[in-house]
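Worksheet: the structure to be examined is printed underneath.
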Amino acid sequence: MTEALLIRGGRLVDPVAGLDAVADLRLARGRIAGIGPEAAERGDREFDAGGLVIAPGFCDMHVHFREPGHEYRETVATGAAAAAAGGFTDVGCMANTDPVNDSPAITTHIRRLGQEAGGARVHPIAATTRGMRGERISEFGALARAGAVAVSDDGLPIVNPAVMLRALEYSRYFDLPVIEHCETLELTGDGVMREGAFATCIGLPGIPSASEYLAVERNIGLAEVARARLHIAHISTARAVAAVARAKASGIRVTAEATPHHLLLTDEAVGSFDTAAKMKPPLAAEVDRQTLLGAIADGTIDAIATDHAPHHEDEKCRSFQNAPFGIVGLETAVGLVLDRLVRPGLISLGRAVRLLSTGPRRILGLPGGDLKPGSPADLTLLDLEASAVVRPKSFRSLGRNTPFGGCELTGQPAGVFVGGRAILRG
């Protein structure tokens, strides 16, 4: 049993309670036990958090840990360690492993690996369809009982609308969100970056914005028919954001996430064929980026998630057209949000905490996301004045594929508490 701990003098930020104040916080038996000077009890250990922000534990609801099957890219243990180092207490782990996580046995195996790792908590997201082939839906009930918190064929859109509708309808019985990678493959073709003037300038085949927003609009329509929970993964275009805003205004049960790279970069980051900037959906135009920034500020977008997708260095060293899509993000996301979004005033610190903690936890049905007594003692500690340079070679993740290498970021995670157990950055 975790010993009682009094965290003294931290700036507590809880967007649910509207709290932003310096106060003491007591942890006991893996839970938040009280706030304020009256919370202390004789015999408590103490932790001096002067100068630090104490927030409810951050949750990255969209990561790819490659175990089982591709452990040379990432393991559950290295991914969980990277998450904790990056300021996350919880992660939602996508199903595109080998074999695919479409059975209770694999879901249970991934949960066990996460528990053994001792870093951030790992919550499996199971495949929507068997083998992620888009043909027959998985056994959602058995997967939920094994610990799956959502279903998704992320990386592979469900092409057949009848299958997608059936999945949405079935998901209602278990209150599982269906997380969808929205892409129209016939429009994507052999594209490798966003279609536009820059792609034409450097001679790379482009992926039109319509590939995303047409799929978003179709899936929202199906979610309305099914009266089910649809979550749009890594939204990247202005038209898709507008569709989500209209759906929410109509009462459709849709949520959405954005990634730090889509919020901060445009298609021009591809530069001279930099494969570190190759991801799907591809980086978009400035008008799309500005729309995303507005949507995280006004609540249209519910969560910031990294789509952490580690690849081996040799894979990313191929030509741009042959390199795999995907970048890592667990160890850069919090610094990027604090430095590039909070410091310039694009969003408040409270909004950042909502996007990184409260929002994703509500979507996945995880406890926490606030600092009220009785909530899990899952905390993220932030040092808003600490500066650090992004050094990929120092990542805990096995992946080094990031376009942010060399960036100096002010505002850093100082550590996390997972169930009251401290994991502090060295």
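Labels used: A, B, ... for chains in the order of the structure tokens, numbers from 1 for residues in each chain, and numbers from 1 for ligands as shown.
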
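Omitting segment 416-421 of chain A and its sequence neighbours fewer than 5 positions away, and counting only C-alpha atoms, the residues within 8 Å are A:Thr2, A:Leu27, A:Ala28, A:Arg29, A:Gly30, A:Arg31, A:Gly57, A:Ala84, A:Ala85, A:Gly87, A:Phe88, A:Thr89, A:Gly119, A:Ala120, A:Arg121, A:Pro376, A:Ala377, A:Asp378, A:Leu379, A:Thr380, A:Leu381.
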
Output all heavy atoms for every residue in the selection just made, as a compact mmCIF listing (two decimals), in the first residue's frame.
# COMPACT_ATOMS: atom_id res chain seq x y z
N THR A 2 0.53 2.23 -0.88
CA THR A 2 1.33 3.44 -1.00
C THR A 2 1.20 4.30 0.25
O THR A 2 0.10 4.55 0.75
CB THR A 2 0.87 4.26 -2.22
OG1 THR A 2 0.92 3.43 -3.37
CG2 THR A 2 1.76 5.46 -2.44
N LEU A 27 -2.12 12.73 -0.87
CA LEU A 27 -2.38 11.45 -1.53
C LEU A 27 -2.33 10.34 -0.50
O LEU A 27 -1.44 10.33 0.37
CB LEU A 27 -1.34 11.17 -2.62
CG LEU A 27 -1.01 12.30 -3.61
CD1 LEU A 27 0.04 11.81 -4.60
CD2 LEU A 27 -2.26 12.77 -4.33
N ALA A 28 -3.26 9.41 -0.59
CA ALA A 28 -3.25 8.26 0.31
C ALA A 28 -3.98 7.10 -0.35
O ALA A 28 -5.01 7.29 -1.00
CB ALA A 28 -3.92 8.61 1.64
N ARG A 29 -3.41 5.90 -0.21
CA ARG A 29 -4.01 4.67 -0.75
C ARG A 29 -4.30 4.79 -2.25
O ARG A 29 -5.32 4.30 -2.74
CB ARG A 29 -5.29 4.31 0.02
CG ARG A 29 -5.07 4.04 1.50
CD ARG A 29 -6.38 3.66 2.18
NE ARG A 29 -6.14 3.33 3.60
CZ ARG A 29 -6.13 4.23 4.57
NH1 ARG A 29 -6.33 5.52 4.27
NH2 ARG A 29 -5.90 3.88 5.81
N GLY A 30 -3.38 5.46 -2.97
CA GLY A 30 -3.52 5.56 -4.42
C GLY A 30 -4.58 6.53 -4.89
O GLY A 30 -4.93 6.54 -6.07
N ARG A 31 -5.10 7.36 -3.96
CA ARG A 31 -6.16 8.31 -4.29
C ARG A 31 -5.80 9.71 -3.80
O ARG A 31 -4.94 9.88 -2.94
CB ARG A 31 -7.48 7.89 -3.64
CG ARG A 31 -7.97 6.52 -4.07
CD ARG A 31 -8.93 6.62 -5.21
NE ARG A 31 -9.25 5.34 -5.80
CZ ARG A 31 -9.89 5.20 -6.94
NH1 ARG A 31 -10.25 6.29 -7.61
NH2 ARG A 31 -10.12 4.02 -7.47
N GLY A 57 -3.47 13.73 -14.08
CA GLY A 57 -2.57 13.00 -14.96
C GLY A 57 -2.96 13.08 -16.43
O GLY A 57 -4.11 12.85 -16.80
N ALA A 84 5.74 8.10 -19.46
CA ALA A 84 5.95 8.69 -18.14
C ALA A 84 6.98 9.81 -18.21
O ALA A 84 6.81 10.88 -17.58
CB ALA A 84 6.40 7.61 -17.16
N ALA A 85 8.05 9.62 -18.97
CA ALA A 85 9.06 10.66 -19.11
C ALA A 85 8.48 11.90 -19.77
O ALA A 85 8.90 13.03 -19.50
CB ALA A 85 10.24 10.14 -19.92
N GLY A 87 5.43 12.99 -19.40
CA GLY A 87 4.40 13.63 -18.60
C GLY A 87 3.04 12.98 -18.66
O GLY A 87 2.05 13.55 -18.18
N PHE A 88 2.97 11.74 -19.18
CA PHE A 88 1.69 11.04 -19.29
C PHE A 88 1.60 9.92 -18.27
O PHE A 88 2.53 9.14 -18.11
CB PHE A 88 1.51 10.46 -20.70
CG PHE A 88 1.40 11.51 -21.78
CD1 PHE A 88 2.52 11.89 -22.51
CD2 PHE A 88 0.18 12.12 -22.04
CE1 PHE A 88 2.42 12.87 -23.50
CE2 PHE A 88 0.08 13.10 -23.02
CZ PHE A 88 1.20 13.47 -23.75
N THR A 89 0.46 9.84 -17.62
CA THR A 89 0.22 8.75 -16.67
C THR A 89 -0.55 7.61 -17.31
O THR A 89 -0.57 6.50 -16.78
CB THR A 89 -0.58 9.24 -15.45
OG1 THR A 89 -1.88 9.67 -15.87
CG2 THR A 89 0.14 10.39 -14.76
N GLY A 119 5.62 1.94 -15.88
CA GLY A 119 5.62 3.34 -16.29
C GLY A 119 4.20 3.87 -16.30
O GLY A 119 3.46 3.72 -15.33
N ALA A 120 3.82 4.50 -17.40
CA ALA A 120 2.44 4.94 -17.55
C ALA A 120 1.53 3.73 -17.68
O ALA A 120 1.95 2.65 -18.12
CB ALA A 120 2.31 5.84 -18.78
N ARG A 121 0.26 3.89 -17.27
CA ARG A 121 -0.71 2.82 -17.46
C ARG A 121 -1.01 2.65 -18.95
O ARG A 121 -1.13 3.63 -19.69
CB ARG A 121 -2.01 3.15 -16.74
CG ARG A 121 -1.91 3.10 -15.22
CD ARG A 121 -3.32 3.10 -14.62
NE ARG A 121 -3.27 3.10 -13.17
CZ ARG A 121 -3.27 4.19 -12.43
NH1 ARG A 121 -3.31 5.38 -13.01
NH2 ARG A 121 -3.23 4.11 -11.10
N PRO A 376 -8.24 9.10 -8.72
CA PRO A 376 -6.94 8.43 -8.68
C PRO A 376 -5.80 9.42 -8.45
O PRO A 376 -5.85 10.55 -8.96
CB PRO A 376 -6.84 7.78 -10.06
CG PRO A 376 -8.24 7.67 -10.55
CD PRO A 376 -8.98 8.84 -9.97
N ALA A 377 -4.80 8.98 -7.73
CA ALA A 377 -3.62 9.82 -7.48
C ALA A 377 -2.69 9.76 -8.68
O ALA A 377 -1.53 9.36 -8.60
CB ALA A 377 -2.91 9.37 -6.21
N ASP A 378 -3.25 10.14 -9.82
CA ASP A 378 -2.51 10.22 -11.08
C ASP A 378 -2.31 11.69 -11.40
O ASP A 378 -3.29 12.42 -11.67
CB ASP A 378 -3.29 9.55 -12.21
CG ASP A 378 -3.54 8.07 -11.96
OD1 ASP A 378 -2.76 7.46 -11.21
OD2 ASP A 378 -4.51 7.53 -12.52
N LEU A 379 -1.08 12.15 -11.35
CA LEU A 379 -0.77 13.56 -11.46
C LEU A 379 0.33 13.79 -12.47
O LEU A 379 1.25 12.96 -12.60
CB LEU A 379 -0.33 14.13 -10.11
CG LEU A 379 -1.23 13.89 -8.90
CD1 LEU A 379 -0.53 14.36 -7.63
CD2 LEU A 379 -2.56 14.59 -9.07
N THR A 380 0.26 14.92 -13.15
CA THR A 380 1.36 15.38 -14.01
C THR A 380 1.92 16.66 -13.42
O THR A 380 1.18 17.59 -13.13
CB THR A 380 0.87 15.62 -15.44
OG1 THR A 380 0.47 14.38 -16.02
CG2 THR A 380 1.97 16.23 -16.29
N LEU A 381 3.24 16.67 -13.21
CA LEU A 381 3.94 17.84 -12.67
C LEU A 381 4.60 18.59 -13.82
O LEU A 381 5.26 17.97 -14.67
CB LEU A 381 4.99 17.41 -11.66
CG LEU A 381 4.52 17.07 -10.23
CD1 LEU A 381 3.48 15.97 -10.22
CD2 LEU A 381 5.72 16.70 -9.36

Query raised in the report: Near Ala247 of chain A, counting only C-alpha atoms, which residues have an atom at most 12 Å away, once you skip same-chain residues fewer than 2 positions from it, shown as a PyMOL selection string?
Result: chain A and resi 216-224+227+229-232+240-245+249-256+300

Query raised in the report: So which one's closest to Gly350 of chain A, A:Glu183, A:Glu331, A:Asp383, A:Asp370? Using only C-alpha atoms, please.
Result: A:Asp370

Query - Top pick for closest residue to Asn101 of chain A, considering A:Gly34, A:Pro56, A:Gly69, A:Gly329 and counting only C-alpha atoms - result: A:Gly69

Report task. Tell me which protein, DNA and RNA residues are within 6 Å of segment 36-46 of chain A, counting only C-alpha atoms, leaving out same-chain ones fewer than 2 positions away, and put them as a PyMOL selection string. Result -> chain A and resi 4-7+23-24+34

Query raised in the report: atom CA of Ala77 of chain A and atom CA of Leu398 of chain A, how far apart in Å?
Result: 10.3 Å

Query raised in the report: Excluding same-chain residues fewer than 2 positions from Ala233 of chain A, what lies within 8 Å of it counting only C-alpha atoms, as a list of chain:residue names?
Result: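 Result of the neighbour search: A:Asp154, A:Ile179, A:Glu180, A:His181, A:Cys182, A:His231, A:Ile235, A:Ala256, A:Glu257, A:Ala258.
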
Query - Nearest to Arg239 of chain A, chosen from A:Thr306, A:Ser138, A:Thr200, A:Thr291, with only C-alpha atoms counted in the distances - result: A:Thr291

Run DSSP on the backbone and grab whatever in segment 179-375 of chain A lands in strand (DSSP E); send it over as an mmCIF file with N, CA and C atoms, in the first residue's frame.
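states20.cif, freshly written:
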data_model
loop_
_atom_site.group_PDB
_atom_site.id
_atom_site.type_symbol
_atom_site.label_atom_id
_atom_site.label_comp_id
_atom_site.auth_asym_id
_atom_site.auth_seq_id
_atom_site.Cartn_x
_atom_site.Cartn_y
_atom_site.Cartn_z
ATOM 1 N N ILE A 179 -13.152 4.628 -32.664
ATOM 2 C CA ILE A 179 -12.153 5.621 -33.083
ATOM 3 C C ILE A 179 -11.809 5.332 -34.539
ATOM 4 N N GLU A 180 -12.012 6.323 -35.395
ATOM 5 C CA GLU A 180 -11.847 6.067 -36.821
ATOM 6 C C GLU A 180 -10.782 6.964 -37.449
ATOM 7 N N MET A 193 2.184 13.161 -49.333
ATOM 8 C CA MET A 193 2.105 14.394 -48.565
ATOM 9 C C MET A 193 0.836 15.117 -48.992
ATOM 10 N N ARG A 194 0.528 16.234 -48.360
ATOM 11 C CA ARG A 194 -0.701 16.946 -48.683
ATOM 12 C C ARG A 194 -0.623 17.547 -50.082
ATOM 13 N N GLY A 206 0.457 14.060 -54.176
ATOM 14 C CA GLY A 206 -0.268 14.611 -53.054
ATOM 15 C C GLY A 206 -1.530 13.850 -52.683
ATOM 16 N N ILE A 207 -1.925 14.027 -51.426
ATOM 17 C CA ILE A 207 -3.171 13.480 -50.896
ATOM 18 C C ILE A 207 -4.129 14.648 -50.719
ATOM 19 N N LEU A 230 -18.757 8.235 -31.850
ATOM 20 C CA LEU A 230 -17.717 8.235 -32.878
ATOM 21 C C LEU A 230 -16.632 9.215 -32.463
ATOM 22 N N HIS A 231 -15.385 8.761 -32.523
ATOM 23 C CA HIS A 231 -14.256 9.649 -32.237
ATOM 24 C C HIS A 231 -13.389 9.741 -33.483
ATOM 25 N N ILE A 232 -13.140 10.974 -33.933
ATOM 26 C CA ILE A 232 -12.324 11.222 -35.122
ATOM 27 C C ILE A 232 -10.864 11.339 -34.697
ATOM 28 N N VAL A 254 -20.198 12.862 -31.333
ATOM 29 C CA VAL A 254 -18.897 12.843 -31.998
ATOM 30 C C VAL A 254 -17.894 13.648 -31.187
ATOM 31 N N THR A 255 -16.670 13.127 -31.105
ATOM 32 C CA THR A 255 -15.546 13.833 -30.500
ATOM 33 C C THR A 255 -14.384 13.780 -31.483
ATOM 34 N N ALA A 256 -13.352 14.572 -31.206
ATOM 35 C CA ALA A 256 -12.209 14.624 -32.117
ATOM 36 C C ALA A 256 -10.940 14.956 -31.356
ATOM 37 N N GLU A 257 -9.830 14.541 -31.927
ATOM 38 C CA GLU A 257 -8.502 14.842 -31.378
ATOM 39 C C GLU A 257 -7.651 15.494 -32.447
ATOM 40 N N ALA A 258 -6.665 16.273 -32.011
ATOM 41 C CA ALA A 258 -5.656 16.830 -32.915
ATOM 42 C C ALA A 258 -4.290 16.508 -32.352
ATOM 43 N N ALA A 303 -9.468 16.714 -27.518
ATOM 44 C CA ALA A 303 -8.241 16.140 -26.964
ATOM 45 C C ALA A 303 -7.063 16.438 -27.877
ATOM 46 N N ILE A 304 -5.896 16.530 -27.256
ATOM 47 C CA ILE A 304 -4.628 16.512 -27.990
ATOM 48 C C ILE A 304 -4.013 15.134 -27.769
#

Query raised in the report: For Phe395 of chain A, which residue among A:Gly411, A:Glu74, A:Asp153, A:Ala49 is the nearest when counting only C-alpha atoms?
Result: A:Glu74

Report task. Work out how far apart atom CA of Ala126 of chain A and atom CA of Val353 of chain A are and give it in Å to one decimal. Result ->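 Result for atom CA of Ala126 of chain A versus atom CA of Val353 of chain A: 26.3 Å, one decimal.
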
Query raised in the report: So how many Å separate atom CA of Arg136 of chain A and atom CA of Ile110 of chain A, to one decimal?
Result: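 A separation of 22.6 Å between them.
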
Per residue of segment 335-414 of chain A within 12 Å of segment 267-270 of chain A, record the nearest atom pair and its distance in Å to one decimal, counting only C-alpha atoms, with rows in chain order and ascending residue number, as a Markdown table.
| residue | atom | partner | partner_atom | distance |
| --- | --- | --- | --- | --- |
| A:Thr402 | CA | A:Ala269 | CA | 11.5 |
| A:Pro403 | CA | A:Ala269 | CA | 8.0 |
| A:Phe404 | CA | A:Ala269 | CA | 10.2 |

Requested in this report: Mind listing the helix (DSSP H, G or I) residues of segment 190-244 of chain A, per DSSP on the backbone, as a count of residues only?
Outcome: 30

Query raised in the report: Which is closer to Val63 of chain A than all the others in A:Pro208, A:Pro310, A:Pro15, A:Gly374, using only C-alpha atoms?
Result: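 Comparing A:Pro208, A:Pro310, A:Pro15, A:Gly374 against Val63 of chain A, the winner is A:Pro310.
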
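Considering only C-alpha atoms, the residue among A:Thr275, A:Thr129, A:Ser209, A:Asn96 positioned nearest to Arg166 of chain A is A:Thr129.
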
Ala333 of chain A environment, 10 Å, only C-alpha atoms, sequence neighbours closer than 2 positions dropped, as a compact mmCIF listing (two decimals) with N, CA and C atoms, in the first residue's frame:
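Listing of part.txt after writing:
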# COMPACT_ATOMS: atom_id res chain seq x y z
N ASP A 60 -2.50 10.26 -23.10
CA ASP A 60 -2.36 10.26 -24.55
C ASP A 60 -3.21 9.11 -25.09
N GLY A 86 7.50 11.70 -20.66
CA GLY A 86 6.88 12.82 -21.36
C GLY A 86 5.75 13.48 -20.61
N GLY A 87 5.43 12.99 -19.40
CA GLY A 87 4.40 13.63 -18.60
C GLY A 87 3.04 12.98 -18.66
N PHE A 88 2.97 11.74 -19.18
CA PHE A 88 1.69 11.04 -19.29
C PHE A 88 1.60 9.92 -18.27
N THR A 259 -3.30 16.44 -33.22
CA THR A 259 -1.94 16.14 -32.79
C THR A 259 -1.12 17.43 -32.70
N PRO A 260 -0.06 17.43 -31.88
CA PRO A 260 0.81 18.60 -31.85
C PRO A 260 1.41 18.94 -33.21
N HIS A 261 1.73 17.91 -34.01
CA HIS A 261 2.37 18.23 -35.29
C HIS A 261 1.41 18.89 -36.26
N ILE A 304 -5.90 16.53 -27.26
CA ILE A 304 -4.63 16.51 -27.99
C ILE A 304 -4.01 15.13 -27.77
N ALA A 305 -3.68 14.46 -28.86
CA ALA A 305 -3.08 13.12 -28.80
C ALA A 305 -1.92 13.08 -29.78
N THR A 306 -0.94 12.23 -29.50
CA THR A 306 0.30 12.30 -30.28
C THR A 306 0.30 11.45 -31.54
N HIS A 308 1.66 8.66 -31.54
CA HIS A 308 3.04 8.19 -31.39
C HIS A 308 3.25 6.93 -32.22
N VAL A 328 7.17 10.00 -33.81
CA VAL A 328 6.99 9.81 -32.37
C VAL A 328 6.55 11.13 -31.74
N GLY A 329 5.93 11.04 -30.54
CA GLY A 329 5.46 12.27 -29.93
C GLY A 329 5.35 12.27 -28.43
N LEU A 330 5.52 11.12 -27.79
CA LEU A 330 5.29 11.05 -26.35
C LEU A 330 6.22 11.96 -25.55
N GLU A 331 7.45 12.13 -26.00
CA GLU A 331 8.43 12.88 -25.22
C GLU A 331 8.60 14.32 -25.68
N GLY A 335 5.99 19.54 -23.90
CA GLY A 335 6.83 20.71 -24.11
C GLY A 335 6.34 21.58 -25.25
N LEU A 336 5.90 20.95 -26.34
CA LEU A 336 5.38 21.70 -27.48
C LEU A 336 4.11 22.45 -27.12
N VAL A 337 3.21 21.79 -26.40
CA VAL A 337 1.97 22.46 -26.00
C VAL A 337 2.26 23.65 -25.10
N LEU A 338 3.15 23.47 -24.12
CA LEU A 338 3.45 24.56 -23.19
C LEU A 338 4.18 25.71 -23.89
N ASP A 339 5.14 25.38 -24.73
CA ASP A 339 5.97 26.42 -25.35
C ASP A 339 5.26 27.11 -26.51
N LEU A 356 -5.36 17.60 -22.57
CA LEU A 356 -4.40 16.52 -22.35
C LEU A 356 -4.82 15.54 -21.27
N GLN A 412 8.25 22.24 -19.34
CA GLN A 412 8.60 20.83 -19.44
C GLN A 412 7.86 20.01 -18.39
N PRO A 413 7.59 18.73 -18.67
CA PRO A 413 7.10 17.85 -17.60
C PRO A 413 8.20 17.64 -16.58
